[in-house]
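J.: Can you read through this structure? Questions will come right after.
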Amino acid sequence: MTKHIFVTGGVVSSLGKGLTSASIGMLLERRGLRIRMQKMDPYINVDPGTMSPYQHGEVYVLDDGSETDLDLGHYERFTNSPLTRDSNYTTGKIYQSVIHKERRGEYLGQTVQVIPHITNEIKRAITKLAEPDVDVVITEIGGTVGDIESLPFLEAIRQLSLDLGRENCLYIHLTLVPYLRAADELKTKPTQHSVGQLRQIGIQPDLLICRTEKPLSRDLRAKVGLFCNVPPECVIEEQDKTFSIYEVPLSLVEHGLDELIVRKLNLKCGALDLESWHELLHRIRNPKNEISIAVVGKYVELRDSYKSIYEALDHAGIALQTVVRIERLHSERVDREGADRLLAGVDGLLVPGGFGERGIEGKIHAIRYAREKGIPFFGICLGMQCAVIEFARNVAGFEHAHSTEFAKDTPHPVICLLDEQRMITDKGGTMRLGAYPAVLLEGSRAAAAYEREISERHRHRYEFNLAYRDALERSGMKVTGTSQDGKLVEIVELPDHPWFLAVQFHPEFKSQPTRPHPLFQAFVAAAVQRRLARTASPQG
């Protein structure tokens with residue numbers, strides 16, 4: 001029978017439940033187990049697709065077109081668990097399903113209530129992943145114990161221990177043990193209160209993972225265990241990692257977490273194989289080069305807004321044993337202060353995706369600087385569109401060229417709305433979403449990087465206007481990747497530039513620490529070459 005692990009959080013939000021859940025999944029996979037992962041989010045949005053990056057961080061897109069929580073990015077970076085739209089449920093999605101059933105008359109006149117109808121729908125969503133070939137389903141419950149929004153999800157996972165048998169369910173609670181610097185003490189009271197709230201709901205955690213700034217002494221672990229009704233050996237320390245998030249799984253192994261899970265769930269599995277992960281950490285700890293990459297975007301104030309971008313750059317750096325220093329520059333600042341001042345000395349420029357007109361001109365100025373100075377440039381989604389606009393204006397001679405997203409009356413709409421988007425009015429889940437194959441031009445940088453057919457994930461409404469393709473190609477911008485029917489432009493390059501490539505899709509979503517995305521690796525390699533050439537030059 002498929003086993004279930006439920007990961008909850010207490011004390012404060014943003015403790016890293018997603019990273020911890022992903023680490024647990026990775027450790028179980030490295031013992032030969034087949035896992036599935038999912039997250040339950042308590043907000044009422046049907047999905048995060050319409051939420052501001054300032055509030056929620058990036059929207060993580062799956063192959064099937066699902067717009068999901070950014071924690072699913074951790075799941076894919078750490079594990080091989082297949083993720084689909086069933087891997088992320090929200091309160092809105094659950095209620096939407098229940099209301100549709102009520103409208104169809106499926107409840108046969110019953111009064112529809114949170115218990116049992118909402119909780120049954122949540123349980124159905126969880127057990128749906130328990131297929132015959134799955135050993136363990138790991139379900140992360142978003143939010144913090146004590147939040148009113150999380151109560152239906154916590155009630156549902158409480159009921160599942162009765163439905164499936166307590167021996168088939170494991171509850172892991174992640175809490176904070178804060179350090180008070182003035183008193184030079186770690187405080188366990190917040191954890192005690194958090195577990196107390198969980199027990200009032202009817203859930204007794206089997207394992208406690210304690211986020212902490214300082215190591216937990218044996219006495220503190222015993223104290224936590226005593227007040228939380230958990231054996232001291234089941235109180236696991238997870239000390240803050242300032243070096244790399246990829247240290248987290250090894251830290252959990254050092255405290256015996258994988259062995260405890262295997263024993264408590266009576267899992268039949270092999271020994272833990274972390275050889276490739278140790279090699280990964282060795283490469284991180286022993287870099288040979290260091291480069292700086294400027295990321296010029298609209299949402300750089302919040303790191304999670306471009307979470308997968310930063311991780312993909314790190315993955316490429318790991319493969320090349322290179323420290324990638326990221327300079328996050330707001331595109332409006334580039335517009336105000338000038339690209340010459342802010343980008344001088346960087347080894348590469350990346351312009352990521354985004355929506356809305358604010359900051360567009362700053363991105364265009366930054367791209368022009370990189371093009372004219374020979375700085376390696378990588379444009380993603382809106383970054384590609386800005387590269388096309390910049391080239392059309394300043395090289396091809398199309399004055400005032402723009403995107404119809406920002407200037408509907410532009411005389412040269414080099415970027416325009418996709419045909420299938422013209423009659424759409426709803427915002428949620430209506431963009432070009434998910435994985436689509438592309439055809440690469442032989443001999444291009446893209447083809448050299450991939451060395452295979454590609455399928456990449458998309459999230460956009462606007463596209464390269466094919467009416468301008470011939471004119472832009474005559475001016476030196478080459479289309480090196482298209483959709484299979486040739487009607488959509490996926491990749492553009494400047495062959496006469498040291499490394500200038502932009503894509504309409506989101507390659508960052510398919511990068512892993514042990515398998516960096518080929519375009520990110522090629523971009524970082526070009527930045528390394530620029531740094532080495534500059535340091536070897538007498539002018540520096």
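In the structure tokens, the first chain shown is A, the next is B, and so on; residue numbers restart at 1 for each chain, and ligands run from 1 in the order shown.
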Determine which residues of stretch 137-299 of chain A receive a DSSP assignment of strand (DSSP E or B), computed from the backbone, and state them as a ChimeraX atom specification.
T.: /A:137-141,169-177,179-180,185-186,207-212,235-239,289-297
J.: I want to know what sits within 10 Å of stretch 226-230 of chain A, based on only C-alpha atoms, with residues of the same chain fewer than 5 positions away left out; could you give that as a ChimeraX atom specification?
T.: /A:188-189,191-196,199,204-208,220-221,235
J.: Can I get the selected residues back with N, CA and C atoms, as a CSV table (one decimal), in the first residue's frame?
T.:
chain,number,residue,atom,x,y,z
A,188,THR,N,12.4,27.4,22.9
A,188,THR,CA,11.5,26.3,22.4
A,188,THR,C,10.0,26.5,22.5
A,189,LYS,N,9.7,27.6,23.3
A,189,LYS,CA,8.2,27.8,23.5
A,189,LYS,C,7.4,27.9,22.2
A,191,THR,N,7.7,26.5,19.4
A,191,THR,CA,7.5,25.1,18.9
A,191,THR,C,6.5,24.4,19.7
A,192,GLN,N,6.6,24.5,21.0
A,192,GLN,CA,5.6,23.9,21.9
A,192,GLN,C,4.2,24.3,21.6
A,193,HIS,N,4.0,25.6,21.4
A,193,HIS,CA,2.7,26.1,21.1
A,193,HIS,C,2.2,25.7,19.8
A,194,SER,N,3.1,25.6,18.8
A,194,SER,CA,2.7,25.2,17.5
A,194,SER,C,2.3,23.7,17.5
A,195,VAL,N,3.0,22.9,18.1
A,195,VAL,CA,2.7,21.5,18.2
A,195,VAL,C,1.4,21.3,19.0
A,196,GLY,N,1.2,22.1,20.1
A,196,GLY,CA,0.0,22.1,20.9
A,196,GLY,C,-1.2,22.4,20.0
A,199,ARG,N,-1.9,19.3,17.8
A,199,ARG,CA,-2.5,18.3,18.6
A,199,ARG,C,-4.0,18.5,18.9
A,204,GLN,N,-1.0,14.3,15.9
A,204,GLN,CA,0.2,14.1,16.7
A,204,GLN,C,1.4,13.9,15.8
A,205,PRO,N,2.3,14.9,15.7
A,205,PRO,CA,3.5,14.8,14.7
A,205,PRO,C,4.3,13.6,15.2
A,206,ASP,N,4.8,12.9,14.1
A,206,ASP,CA,5.8,11.8,14.4
A,206,ASP,C,7.2,12.3,14.5
A,207,LEU,N,7.5,13.3,13.7
A,207,LEU,CA,8.8,13.8,13.6
A,207,LEU,C,8.7,15.4,13.6
A,208,LEU,N,9.7,16.0,14.4
A,208,LEU,CA,9.8,17.4,14.4
A,208,LEU,C,11.1,17.8,13.7
A,220,LEU,N,18.1,20.5,24.9
A,220,LEU,CA,17.0,21.2,24.2
A,220,LEU,C,16.2,20.2,23.4
A,221,ARG,N,16.8,19.3,22.8
A,221,ARG,CA,16.0,18.3,22.0
A,221,ARG,C,15.1,17.5,22.9
A,235,VAL,N,13.4,14.5,17.1
A,235,VAL,CA,13.5,15.9,17.0
A,235,VAL,C,14.8,16.2,16.2
J.: Neighbours of stretch 390-396 of chain A within 12 Å (only C-alpha atoms; same-chain residues fewer than 5 positions away dropped), as a PyMOL selection string?
T.: chain A and resi 360-372+379+383-385+401-403+410-415+464-465+468-478+492-494+500
J.: Each residue of stretch 176-292 of chain A lying at most 9 Å from stretch 306-324 of chain A should get a row with its shortest atom-to-atom pair and the distance in Å to one decimal, counting only C-alpha atoms; could you produce that, ordered by chain and increasing number, as a tab-separated table?
T.:
residue	atom	partner	partner_atom	distance
A:Leu280	CA	A:Ile318	CA	7.3
A:Leu281	CA	A:Ile318	CA	8.6
A:Arg283	CA	A:Gln321	CA	5.7
A:Ile284	CA	A:Ile318	CA	5.7
A:Arg285	CA	A:Gln321	CA	8.7
A:Asn286	CA	A:Gln321	CA	6.9
A:Pro287	CA	A:Gln321	CA	4.5
A:Lys288	CA	A:Gln321	CA	5.6
A:Asn289	CA	A:Thr322	CA	4.6
A:Glu290	CA	A:Val323	CA	4.6
A:Ile291	CA	A:Val324	CA	5.2
A:Ser292	CA	A:Val324	CA	5.8
J.: As a list in words, please: the residues near stretch 103-115 of chain A (cut-off 10 Å, only C-alpha atoms, same-chain neighbours under 6 positions excluded).
T.: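 Using only C-alpha atoms, the neighbours found are Tyr95, Glu121, Leu151, Pro152, Glu155 and Ala156 of chain A.
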J.: Between atom CA of A:Thr535 and atom CA of A:Ser244, what distance in Å does the model show, to one decimal?
T.: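 Going from atom CA of A:Thr535 over to atom CA of A:Ser244, I get 27.5 Å.
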J.: Do you know which residues are at most 9 Å from stretch 255-265 of chain A counting only C-alpha atoms, after dropping those on the same chain fewer than 6 positions away, and could you put them as a list in words?
T.: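 Once the adjacent positions are removed, what remains is Lys3, His4, Ile5, Ile24, Leu27, Leu28, Glu167, Asn168, Cys169, Leu170, Asp206, Leu207, Glu233, Cys234, Val235, Ile236, Glu237, Glu238 and Leu272 of chain A.
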J.: Which residue out of A:Leu15, A:Ile35, A:Ile375, A:Ile203 has the minimum interatomic distance to A:Leu349 when only C-alpha atoms are used?
T.: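 Closest to A:Leu349 of all the choices is A:Ile375.
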J.: With a distance cut-off of 6 Å and only C-alpha atoms, select the neighbouring residues of A:Gly353, excluding the residue or stretch itself and same-chain residues fewer than 5 positions from it, and output the selection as a ChimeraX atom specification.
T.: /A:380-383
J.: Could you check the closest approach to A:Lys510 for each of A:Val98, A:Glu327, A:Arg181, A:Ile454 and tell me which residue wins, using only C-alpha atoms?
T.: A:Ile454
J.: Just the number, please: distance in Å from atom CA of A:Leu350 to atom CA of A:Val295, one decimal.
T.: 4.9 Å
J.: Which one of A:Thr144, A:Leu302, A:Val503, A:Lys268 sits closest to A:Gly16 if you count only C-alpha atoms?
T.: A:Thr144
J.: Given the choices A:Leu72, A:Val346, A:Leu441, A:Ala533, which gets closest to A:Ser483 if the distance is worked out from only C-alpha atoms?
T.: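 Ranking A:Leu72, A:Val346, A:Leu441, A:Ala533 by distance to A:Ser483, first place goes to A:Leu441.
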J.: Provide the atom CA of A:Ile326 to atom CA of A:Gly338 distance in Å, to one decimal place.
T.: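 For atom CA of A:Ile326 relative to atom CA of A:Gly338, the distance reads 18.7 Å.
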J.: If you count only C-alpha atoms, which residues fall within 10 Å of A:Gly434, apart from same-chain ones fewer than 5 positions away, as a list in words?
T.: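 Contacts, in chain order: Val61, Leu62, Asp63, Asp64, Gly65, Ser66, Glu67, Ser455, Glu456, Arg457, His458, Arg459, Phe505 and His506 of chain A.
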J.: Keeping only N, CA and C atoms, write the selected residues to a file as a PDB file, in the first residue's frame.
T.:
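part_1.pdb, freshly written:
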ATOM      1  N   VAL A  61       5.622  26.902 -14.037  1.00  0.00           N
ATOM      2  CA  VAL A  61       4.803  26.261 -15.070  1.00  0.00           C
ATOM      3  C   VAL A  61       5.286  24.829 -15.315  1.00  0.00           C
ATOM      4  N   LEU A  62       4.333  23.893 -15.386  1.00  0.00           N
ATOM      5  CA  LEU A  62       4.643  22.485 -15.649  1.00  0.00           C
ATOM      6  C   LEU A  62       4.443  22.165 -17.127  1.00  0.00           C
ATOM      7  N   ASP A  63       4.887  20.987 -17.528  1.00  0.00           N
ATOM      8  CA  ASP A  63       4.752  20.561 -18.923  1.00  0.00           C
ATOM      9  C   ASP A  63       3.304  20.586 -19.389  1.00  0.00           C
ATOM     10  N   ASP A  64       2.370  20.230 -18.513  1.00  0.00           N
ATOM     11  CA  ASP A  64       0.964  20.157 -18.924  1.00  0.00           C
ATOM     12  C   ASP A  64       0.273  21.516 -18.927  1.00  0.00           C
ATOM     13  N   GLY A  65       1.040  22.585 -18.675  1.00  0.00           N
ATOM     14  CA  GLY A  65       0.472  23.926 -18.704  1.00  0.00           C
ATOM     15  C   GLY A  65      -0.059  24.424 -17.389  1.00  0.00           C
ATOM     16  N   SER A  66       0.077  23.652 -16.328  1.00  0.00           N
ATOM     17  CA  SER A  66      -0.395  24.097 -15.019  1.00  0.00           C
ATOM     18  C   SER A  66       0.471  25.244 -14.511  1.00  0.00           C
ATOM     19  N   GLU A  67      -0.180  26.283 -13.989  1.00  0.00           N
ATOM     20  CA  GLU A  67       0.520  27.367 -13.307  1.00  0.00           C
ATOM     21  C   GLU A  67       0.481  27.051 -11.817  1.00  0.00           C
ATOM     22  N   SER A 455      11.864  20.475 -26.194  1.00  0.00           N
ATOM     23  CA  SER A 455      10.501  20.753 -25.779  1.00  0.00           C
ATOM     24  C   SER A 455      10.613  21.637 -24.549  1.00  0.00           C
ATOM     25  N   GLU A 456      10.089  22.854 -24.636  1.00  0.00           N
ATOM     26  CA  GLU A 456      10.265  23.823 -23.558  1.00  0.00           C
ATOM     27  C   GLU A 456       8.913  24.413 -23.134  1.00  0.00           C
ATOM     28  N   ARG A 457       8.892  24.927 -21.910  1.00  0.00           N
ATOM     29  CA  ARG A 457       7.655  25.428 -21.317  1.00  0.00           C
ATOM     30  C   ARG A 457       7.448  26.923 -21.602  1.00  0.00           C
ATOM     31  N   HIS A 458       6.206  27.263 -21.878  1.00  0.00           N
ATOM     32  CA  HIS A 458       5.850  28.627 -22.262  1.00  0.00           C
ATOM     33  C   HIS A 458       4.863  29.232 -21.279  1.00  0.00           C
ATOM     34  N   ARG A 459       4.864  30.578 -21.251  1.00  0.00           N
ATOM     35  CA  ARG A 459       3.854  31.330 -20.495  1.00  0.00           C
ATOM     36  C   ARG A 459       3.817  32.757 -21.048  1.00  0.00           C
ATOM     37  N   PHE A 505      10.467  30.991 -24.652  1.00  0.00           N
ATOM     38  CA  PHE A 505      10.039  30.058 -23.610  1.00  0.00           C
ATOM     39  C   PHE A 505      10.801  30.301 -22.313  1.00  0.00           C
ATOM     40  N   HIS A 506      10.593  29.425 -21.346  1.00  0.00           N
ATOM     41  CA  HIS A 506      11.213  29.557 -20.015  1.00  0.00           C
ATOM     42  C   HIS A 506      12.111  28.352 -19.737  1.00  0.00           C
TER      43      HIS A 506
END
J.: Could you tell me which of A:Glu254, A:Val177, A:Arg452, A:Phe520 comes closest to A:Ser217 if we count only C-alpha atoms?
T.: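 The closest residue to A:Ser217 is A:Val177.
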